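target00.pdb (PDB, N, CA and C atoms) appears below.
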ATOM      1  N   MET W   1      64.688 -39.110  80.755  1.00  0.00           N
ATOM      2  CA  MET W   1      64.926 -39.863  79.539  1.00  0.00           C
ATOM      3  C   MET W   1      63.606 -40.302  78.916  1.00  0.00           C
ATOM      4  N   LYS W   2      62.686 -40.769  79.769  1.00  0.00           N
ATOM      5  CA  LYS W   2      61.395 -41.231  79.277  1.00  0.00           C
ATOM      6  C   LYS W   2      60.600 -40.079  78.652  1.00  0.00           C
ATOM      7  N   ASN W   3      60.696 -38.887  79.250  1.00  0.00           N
ATOM      8  CA  ASN W   3      59.976 -37.715  78.758  1.00  0.00           C
ATOM      9  C   ASN W   3      60.528 -37.289  77.382  1.00  0.00           C
ATOM     10  N   LYS W   4      61.839 -37.375  77.225  1.00  0.00           N
ATOM     11  CA  LYS W   4      62.463 -37.005  75.960  1.00  0.00           C
ATOM     12  C   LYS W   4      62.034 -37.954  74.838  1.00  0.00           C
ATOM     13  N   LEU W   5      61.909 -39.254  75.150  1.00  0.00           N
ATOM     14  CA  LEU W   5      61.473 -40.245  74.172  1.00  0.00           C
ATOM     15  C   LEU W   5      60.033 -39.974  73.733  1.00  0.00           C
ATOM     16  N   TYR W   6      59.163 -39.653  74.694  1.00  0.00           N
ATOM     17  CA  TYR W   6      57.772 -39.339  74.366  1.00  0.00           C
ATOM     18  C   TYR W   6      57.670 -38.077  73.501  1.00  0.00           C
ATOM     19  N   ASN W   7      58.456 -37.071  73.832  1.00  0.00           N
ATOM     20  CA  ASN W   7      58.437 -35.835  73.049  1.00  0.00           C
ATOM     21  C   ASN W   7      58.904 -36.085  71.611  1.00  0.00           C
ATOM     22  N   THR W   8      59.959 -36.868  71.464  1.00  0.00           N
ATOM     23  CA  THR W   8      60.474 -37.179  70.131  1.00  0.00           C
ATOM     24  C   THR W   8      59.442 -37.965  69.322  1.00  0.00           C
ATOM     25  N   ALA W   9      58.798 -38.952  69.961  1.00  0.00           N
ATOM     26  CA  ALA W   9      57.786 -39.750  69.276  1.00  0.00           C
ATOM     27  C   ALA W   9      56.584 -38.881  68.890  1.00  0.00           C
ATOM     28  N   LEU W  10      56.190 -37.968  69.756  1.00  0.00           N
ATOM     29  CA  LEU W  10      55.051 -37.102  69.479  1.00  0.00           C
ATOM     30  C   LEU W  10      55.359 -36.137  68.325  1.00  0.00           C
ATOM     31  N   ILE W  11      56.548 -35.572  68.311  1.00  0.00           N
ATOM     32  CA  ILE W  11      56.956 -34.669  67.232  1.00  0.00           C
ATOM     33  C   ILE W  11      57.034 -35.430  65.906  1.00  0.00           C
ATOM     34  N   ALA W  12      57.603 -36.640  65.935  1.00  0.00           N
ATOM     35  CA  ALA W  12      57.707 -37.443  64.716  1.00  0.00           C
ATOM     36  C   ALA W  12      56.323 -37.799  64.185  1.00  0.00           C
ATOM     37  N   LEU W  13      55.406 -38.168  65.060  1.00  0.00           N
ATOM     38  CA  LEU W  13      54.042 -38.495  64.639  1.00  0.00           C
ATOM     39  C   LEU W  13      53.343 -37.267  64.064  1.00  0.00           C
ATOM     40  N   GLY W  14      53.536 -36.122  64.675  1.00  0.00           N
ATOM     41  CA  GLY W  14      52.926 -34.890  64.169  1.00  0.00           C
ATOM     42  C   GLY W  14      53.461 -34.505  62.800  1.00  0.00           C
ATOM     43  N   LEU W  15      54.771 -34.610  62.606  1.00  0.00           N
ATOM     44  CA  LEU W  15      55.358 -34.287  61.303  1.00  0.00           C
ATOM     45  C   LEU W  15      54.928 -35.290  60.233  1.00  0.00           C
ATOM     46  N   LEU W  16      54.859 -36.556  60.611  1.00  0.00           N
ATOM     47  CA  LEU W  16      54.447 -37.584  59.656  1.00  0.00           C
ATOM     48  C   LEU W  16      53.001 -37.369  59.215  1.00  0.00           C
ATOM     49  N   SER W  17      52.126 -37.030  60.141  1.00  0.00           N
ATOM     50  CA  SER W  17      50.734 -36.800  59.773  1.00  0.00           C
ATOM     51  C   SER W  17      50.592 -35.548  58.908  1.00  0.00           C
ATOM     52  N   THR W  18      51.440 -34.544  59.138  1.00  0.00           N
ATOM     53  CA  THR W  18      51.415 -33.342  58.296  1.00  0.00           C
ATOM     54  C   THR W  18      51.857 -33.663  56.875  1.00  0.00           C
ATOM     55  N   VAL W  19      52.893 -34.464  56.735  1.00  0.00           N
ATOM     56  CA  VAL W  19      53.386 -34.830  55.409  1.00  0.00           C
ATOM     57  C   VAL W  19      52.371 -35.693  54.683  1.00  0.00           C
ATOM     58  N   MET W  20      51.739 -36.617  55.380  1.00  0.00           N
ATOM     59  CA  MET W  20      50.762 -37.516  54.753  1.00  0.00           C
ATOM     60  C   MET W  20      49.490 -36.774  54.344  1.00  0.00           C
ATOM     61  N   ALA W  21      49.180 -35.653  54.986  1.00  0.00           N
ATOM     62  CA  ALA W  21      47.959 -34.909  54.688  1.00  0.00           C
ATOM     63  C   ALA W  21      48.116 -34.004  53.471  1.00  0.00           C
ATOM     64  N   GLN W  22      49.336 -33.851  52.942  1.00  0.00           N
ATOM     65  CA  GLN W  22      49.553 -32.964  51.797  1.00  0.00           C
ATOM     66  C   GLN W  22      48.923 -33.571  50.543  1.00  0.00           C
ATOM     67  N   PRO W  23      48.269 -32.756  49.718  1.00  0.00           N
ATOM     68  CA  PRO W  23      47.696 -33.287  48.476  1.00  0.00           C
ATOM     69  C   PRO W  23      48.794 -33.587  47.461  1.00  0.00           C
ATOM     70  N   ASP W  24      48.449 -34.394  46.485  1.00  0.00           N
ATOM     71  CA  ASP W  24      49.409 -34.716  45.429  1.00  0.00           C
ATOM     72  C   ASP W  24      49.693 -33.477  44.594  1.00  0.00           C
ATOM     73  N   LEU W  25      50.905 -33.400  44.091  1.00  0.00           N
ATOM     74  CA  LEU W  25      51.275 -32.285  43.233  1.00  0.00           C
ATOM     75  C   LEU W  25      50.679 -32.491  41.848  1.00  0.00           C
ATOM     76  N   PRO W  26      50.245 -31.424  41.182  1.00  0.00           N
ATOM     77  CA  PRO W  26      49.671 -31.578  39.847  1.00  0.00           C
ATOM     78  C   PRO W  26      50.737 -31.946  38.823  1.00  0.00           C
ATOM     79  N   ASP W  27      50.297 -32.551  37.734  1.00  0.00           N
ATOM     80  CA  ASP W  27      51.218 -32.898  36.651  1.00  0.00           C
ATOM     81  C   ASP W  27      51.641 -31.648  35.900  1.00  0.00           C
ATOM     82  N   ALA W  28      52.680 -31.783  35.111  1.00  0.00           N
ATOM     83  CA  ALA W  28      53.156 -30.667  34.299  1.00  0.00           C
ATOM     84  C   ALA W  28      52.102 -30.328  33.245  1.00  0.00           C
ATOM     85  N   PRO W  29      51.924 -29.048  32.932  1.00  0.00           N
ATOM     86  CA  PRO W  29      50.914 -28.677  31.941  1.00  0.00           C
ATOM     87  C   PRO W  29      51.339 -29.085  30.531  1.00  0.00           C
ATOM     88  N   ASP W  30      50.354 -29.351  29.700  1.00  0.00           N
ATOM     89  CA  ASP W  30      50.615 -29.696  28.314  1.00  0.00           C
ATOM     90  C   ASP W  30      50.710 -28.389  27.529  1.00  0.00           C
ATOM     91  N   GLN W  31      51.913 -28.034  27.089  1.00  0.00           N
ATOM     92  CA  GLN W  31      52.119 -26.735  26.469  1.00  0.00           C
ATOM     93  C   GLN W  31      51.874 -26.749  24.967  1.00  0.00           C
ATOM     94  N   GLY W  32      51.989 -27.882  24.353  1.00  0.00           N
ATOM     95  CA  GLY W  32      51.798 -27.946  22.912  1.00  0.00           C
ATOM     96  C   GLY W  32      52.986 -27.343  22.187  1.00  0.00           C
ATOM     97  N   PRO W  33      52.832 -27.111  20.886  1.00  0.00           N
ATOM     98  CA  PRO W  33      53.962 -26.555  20.126  1.00  0.00           C
ATOM     99  C   PRO W  33      54.234 -25.096  20.512  1.00  0.00           C
ATOM    100  N   ILE W  34      55.480 -24.738  20.482  1.00  0.00           N
ATOM    101  CA  ILE W  34      55.881 -23.366  20.820  1.00  0.00           C
ATOM    102  C   ILE W  34      56.032 -22.604  19.501  1.00  0.00           C
ATOM    103  N   THR W  35      55.077 -21.748  19.176  1.00  0.00           N
ATOM    104  CA  THR W  35      55.075 -21.072  17.881  1.00  0.00           C
ATOM    105  C   THR W  35      56.060 -19.914  17.840  1.00  0.00           C
ATOM    106  N   GLY W  36      56.415 -19.352  18.973  1.00  0.00           N
ATOM    107  CA  GLY W  36      57.344 -18.227  18.994  1.00  0.00           C
ATOM    108  C   GLY W  36      58.712 -18.614  18.462  1.00  0.00           C
ATOM    109  N   ILE W  37      59.114 -19.856  18.684  1.00  0.00           N
ATOM    110  CA  ILE W  37      60.421 -20.306  18.195  1.00  0.00           C
ATOM    111  C   ILE W  37      60.406 -20.381  16.676  1.00  0.00           C
ATOM    112  N   GLY W  38      59.277 -20.784  16.105  1.00  0.00           N
ATOM    113  CA  GLY W  38      59.160 -20.826  14.643  1.00  0.00           C
ATOM    114  C   GLY W  38      59.323 -19.451  14.032  1.00  0.00           C
ATOM    115  N   TRP W  39      58.686 -18.452  14.635  1.00  0.00           N
ATOM    116  CA  TRP W  39      58.812 -17.080  14.132  1.00  0.00           C
ATOM    117  C   TRP W  39      60.241 -16.575  14.278  1.00  0.00           C
ATOM    118  N   LEU W  40      60.886 -16.928  15.383  1.00  0.00           N
ATOM    119  CA  LEU W  40      62.267 -16.520  15.606  1.00  0.00           C
ATOM    120  C   LEU W  40      63.200 -17.141  14.563  1.00  0.00           C
ATOM    121  N   LEU W  41      62.997 -18.425  14.266  1.00  0.00           N
ATOM    122  CA  LEU W  41      63.814 -19.080  13.244  1.00  0.00           C
ATOM    123  C   LEU W  41      63.571 -18.472  11.862  1.00  0.00           C
ATOM    124  N   ALA W  42      62.319 -18.177  11.562  1.00  0.00           N
ATOM    125  CA  ALA W  42      62.006 -17.588  10.257  1.00  0.00           C
ATOM    126  C   ALA W  42      62.652 -16.207  10.122  1.00  0.00           C
ATOM    127  N   ALA W  43      62.574 -15.390  11.158  1.00  0.00           N
ATOM    128  CA  ALA W  43      63.168 -14.053  11.107  1.00  0.00           C
ATOM    129  C   ALA W  43      64.690 -14.147  11.007  1.00  0.00           C
ATOM    130  N   GLY W  44      65.297 -15.054  11.747  1.00  0.00           N
ATOM    131  CA  GLY W  44      66.741 -15.236  11.670  1.00  0.00           C
ATOM    132  C   GLY W  44      67.178 -15.711  10.299  1.00  0.00           C
ATOM    133  N   GLY W  45      66.382 -16.609   9.694  1.00  0.00           N
ATOM    134  CA  GLY W  45      66.684 -17.075   8.344  1.00  0.00           C
ATOM    135  C   GLY W  45      66.617 -15.950   7.324  1.00  0.00           C
ATOM    136  N   LEU W  46      65.610 -15.084   7.452  1.00  0.00           N
ATOM    137  CA  LEU W  46      65.495 -13.954   6.523  1.00  0.00           C
ATOM    138  C   LEU W  46      66.660 -12.980   6.675  1.00  0.00           C
ATOM    139  N   ILE W  47      67.063 -12.718   7.904  1.00  0.00           N
ATOM    140  CA  ILE W  47      68.203 -11.831   8.127  1.00  0.00           C
ATOM    141  C   ILE W  47      69.470 -12.439   7.540  1.00  0.00           C
ATOM    142  N   PHE W  48      69.651 -13.754   7.716  1.00  0.00           N
ATOM    143  CA  PHE W  48      70.821 -14.436   7.177  1.00  0.00           C
ATOM    144  C   PHE W  48      70.840 -14.367   5.651  1.00  0.00           C
ATOM    145  N   VAL W  49      69.701 -14.615   5.022  1.00  0.00           N
ATOM    146  CA  VAL W  49      69.626 -14.566   3.557  1.00  0.00           C
ATOM    147  C   VAL W  49      69.916 -13.157   3.057  1.00  0.00           C
ATOM    148  N   ARG W  50      69.391 -12.150   3.748  1.00  0.00           N
ATOM    149  CA  ARG W  50      69.628 -10.767   3.343  1.00  0.00           C
ATOM    150  C   ARG W  50      71.107 -10.405   3.448  1.00  0.00           C
ATOM    151  N   LYS W  51      71.777 -10.842   4.513  1.00  0.00           N
ATOM    152  CA  LYS W  51      73.203 -10.547   4.664  1.00  0.00           C
ATOM    153  C   LYS W  51      74.022 -11.233   3.579  1.00  0.00           C
ATOM    154  N   ILE W  52      73.699 -12.474   3.270  1.00  0.00           N
ATOM    155  CA  ILE W  52      74.419 -13.197   2.215  1.00  0.00           C
ATOM    156  C   ILE W  52      74.195 -12.513   0.864  1.00  0.00           C
ATOM    157  N   ARG W  53      72.965 -12.107   0.602  1.00  0.00           N
ATOM    158  CA  ARG W  53      72.648 -11.439  -0.668  1.00  0.00           C
ATOM    159  C   ARG W  53      73.397 -10.107  -0.779  1.00  0.00           C
ATOM    160  N   ASP W  54      73.456  -9.349   0.326  1.00  0.00           N
ATOM    161  CA  ASP W  54      74.170  -8.059   0.306  1.00  0.00           C
ATOM    162  C   ASP W  54      75.665  -8.251   0.116  1.00  0.00           C
ATOM    163  N   GLN W  55      76.240  -9.330   0.647  1.00  0.00           N
ATOM    164  CA  GLN W  55      77.663  -9.580   0.478  1.00  0.00           C
ATOM    165  C   GLN W  55      77.994  -9.949  -0.973  1.00  0.00           C
ATOM    166  N   HIS W  56      77.097 -10.623  -1.655  1.00  0.00           N
ATOM    167  CA  HIS W  56      77.358 -11.021  -3.034  1.00  0.00           C
ATOM    168  C   HIS W  56      77.143  -9.870  -4.019  1.00  0.00           C
ATOM    169  N   LYS W  57      76.421  -8.834  -3.615  1.00  0.00           N
ATOM    170  CA  LYS W  57      76.206  -7.683  -4.488  1.00  0.00           C
ATOM    171  C   LYS W  57      77.468  -6.820  -4.586  1.00  0.00           C
ATOM    172  N   LYS W  58      78.340  -6.868  -3.606  1.00  0.00           N
ATOM    173  CA  LYS W  58      79.525  -5.998  -3.566  1.00  0.00           C
ATOM    174  C   LYS W  58      80.551  -6.437  -4.564  1.00  0.00           C
TER     175      LYS W  58
END
Mind converting the file's structure to C-alpha coordinates?
Amino acid sequence: MKNKLYNTALIALGLLSTVMAQPDLPDAPDQGPITGIGWLLAAGGLIFVRKIRDQHKK
(Lines of atoms letter the chains of each structure in order from A and count residues from 1; the text may use other names and numbers.)
(Lines give C-alpha, C1' and ligand atoms only; values in the text may rest on other atoms or scores of the structure.)
Protein backbone atom coordinates (compact mmCIF):
# COMPACT_ATOMS: atom_id res chain seq x y z
CA MET A 1 0.00 0.00 0.00
CA LYS A 2 2.81 2.38 0.91
CA ASN A 3 4.61 1.65 -2.39
CA LYS A 4 1.46 2.36 -4.40
CA LEU A 5 1.02 5.74 -2.63
CA TYR A 6 4.62 6.72 -3.41
CA ASN A 7 4.23 5.72 -7.06
CA THR A 8 1.02 7.72 -7.41
CA ALA A 9 2.60 10.78 -5.77
CA LEU A 10 5.69 10.50 -7.99
CA ILE A 11 3.61 10.19 -11.18
CA ALA A 12 1.42 13.14 -10.14
CA LEU A 13 4.49 15.29 -9.41
CA GLY A 14 6.05 14.35 -12.75
CA LEU A 15 2.90 15.19 -14.70
CA LEU A 16 2.43 18.45 -12.81
CA SER A 17 5.99 19.56 -13.53
CA THR A 18 5.52 18.69 -17.22
CA VAL A 19 2.35 20.77 -17.43
CA MET A 20 3.93 23.71 -15.59
CA ALA A 21 6.96 23.67 -17.92
CA GLN A 22 4.83 24.23 -21.05
CA PRO A 23 5.19 27.70 -22.60
CA ASP A 24 2.20 29.99 -22.95
CA LEU A 25 0.18 29.66 -26.12
CA PRO A 26 0.49 32.57 -28.56
CA ASP A 27 -2.38 34.98 -29.09
CA ALA A 28 -4.56 34.84 -32.17
CA PRO A 29 -3.02 36.61 -35.18
CA ASP A 30 -4.33 39.99 -36.25
CA GLN A 31 -5.78 39.30 -39.69
CA GLY A 32 -7.08 42.73 -40.56
CA PRO A 33 -9.80 43.23 -43.15
CA ILE A 34 -10.63 40.32 -45.42
CA THR A 35 -10.54 41.77 -48.95
CA GLY A 36 -11.60 38.56 -50.70
CA ILE A 37 -15.10 38.87 -49.27
CA GLY A 38 -15.41 42.36 -50.75
CA TRP A 39 -14.52 41.05 -54.20
CA LEU A 40 -16.98 38.18 -53.79
CA LEU A 41 -19.78 40.57 -52.82
CA ALA A 42 -18.98 42.88 -55.73
CA ALA A 43 -18.99 40.00 -58.24
CA GLY A 44 -22.24 38.63 -56.82
CA GLY A 45 -23.82 42.08 -57.03
CA LEU A 46 -22.80 42.44 -60.68
CA ILE A 47 -24.21 39.02 -61.54
CA PHE A 48 -27.46 39.90 -59.76
CA VAL A 49 -27.78 43.23 -61.61
CA ARG A 50 -27.09 41.52 -64.94
CA LYS A 51 -29.77 38.88 -64.31
CA ILE A 52 -32.33 41.52 -63.33
CA ARG A 53 -31.46 43.60 -66.40
CA ASP A 54 -31.79 40.55 -68.70
CA GLN A 55 -35.19 39.68 -67.21
CA HIS A 56 -36.53 43.18 -67.86
CA LYS A 57 -35.36 43.14 -71.50
CA LYS A 58 -37.67 40.19 -72.33
All helix (DSSP H, G or I) residues (DSSP, backbone) inside chain W, as a PyMOL selection string
chain W and resi 2-20+35-57
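Coordinates place atom CA of Asp54 of chain W at a distance of 24.4 Å from atom CA of Gly38 of chain W.
Computed from the coordinates, the atom N of Met20 of chain W to atom C of Thr8 of chain W distance equals 16.0 Å.
The spacing separating atom CA of Lys4 of chain W from atom CA of Val19 of chain W amounts to 22.6 Å.
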Would you compute the box with edges along x, y and z of the file around segment 10-27 of chain W, including every atom the file lists for it and 3 Å extra on each side, and give its centre and edge lengths in Å to one decimal, as AutoDock Vina command-line options?
--center_x 52.7 --center_y -35.0 --center_z 52.8 --size_x 16.0 --size_y 13.1 --size_z 39.9
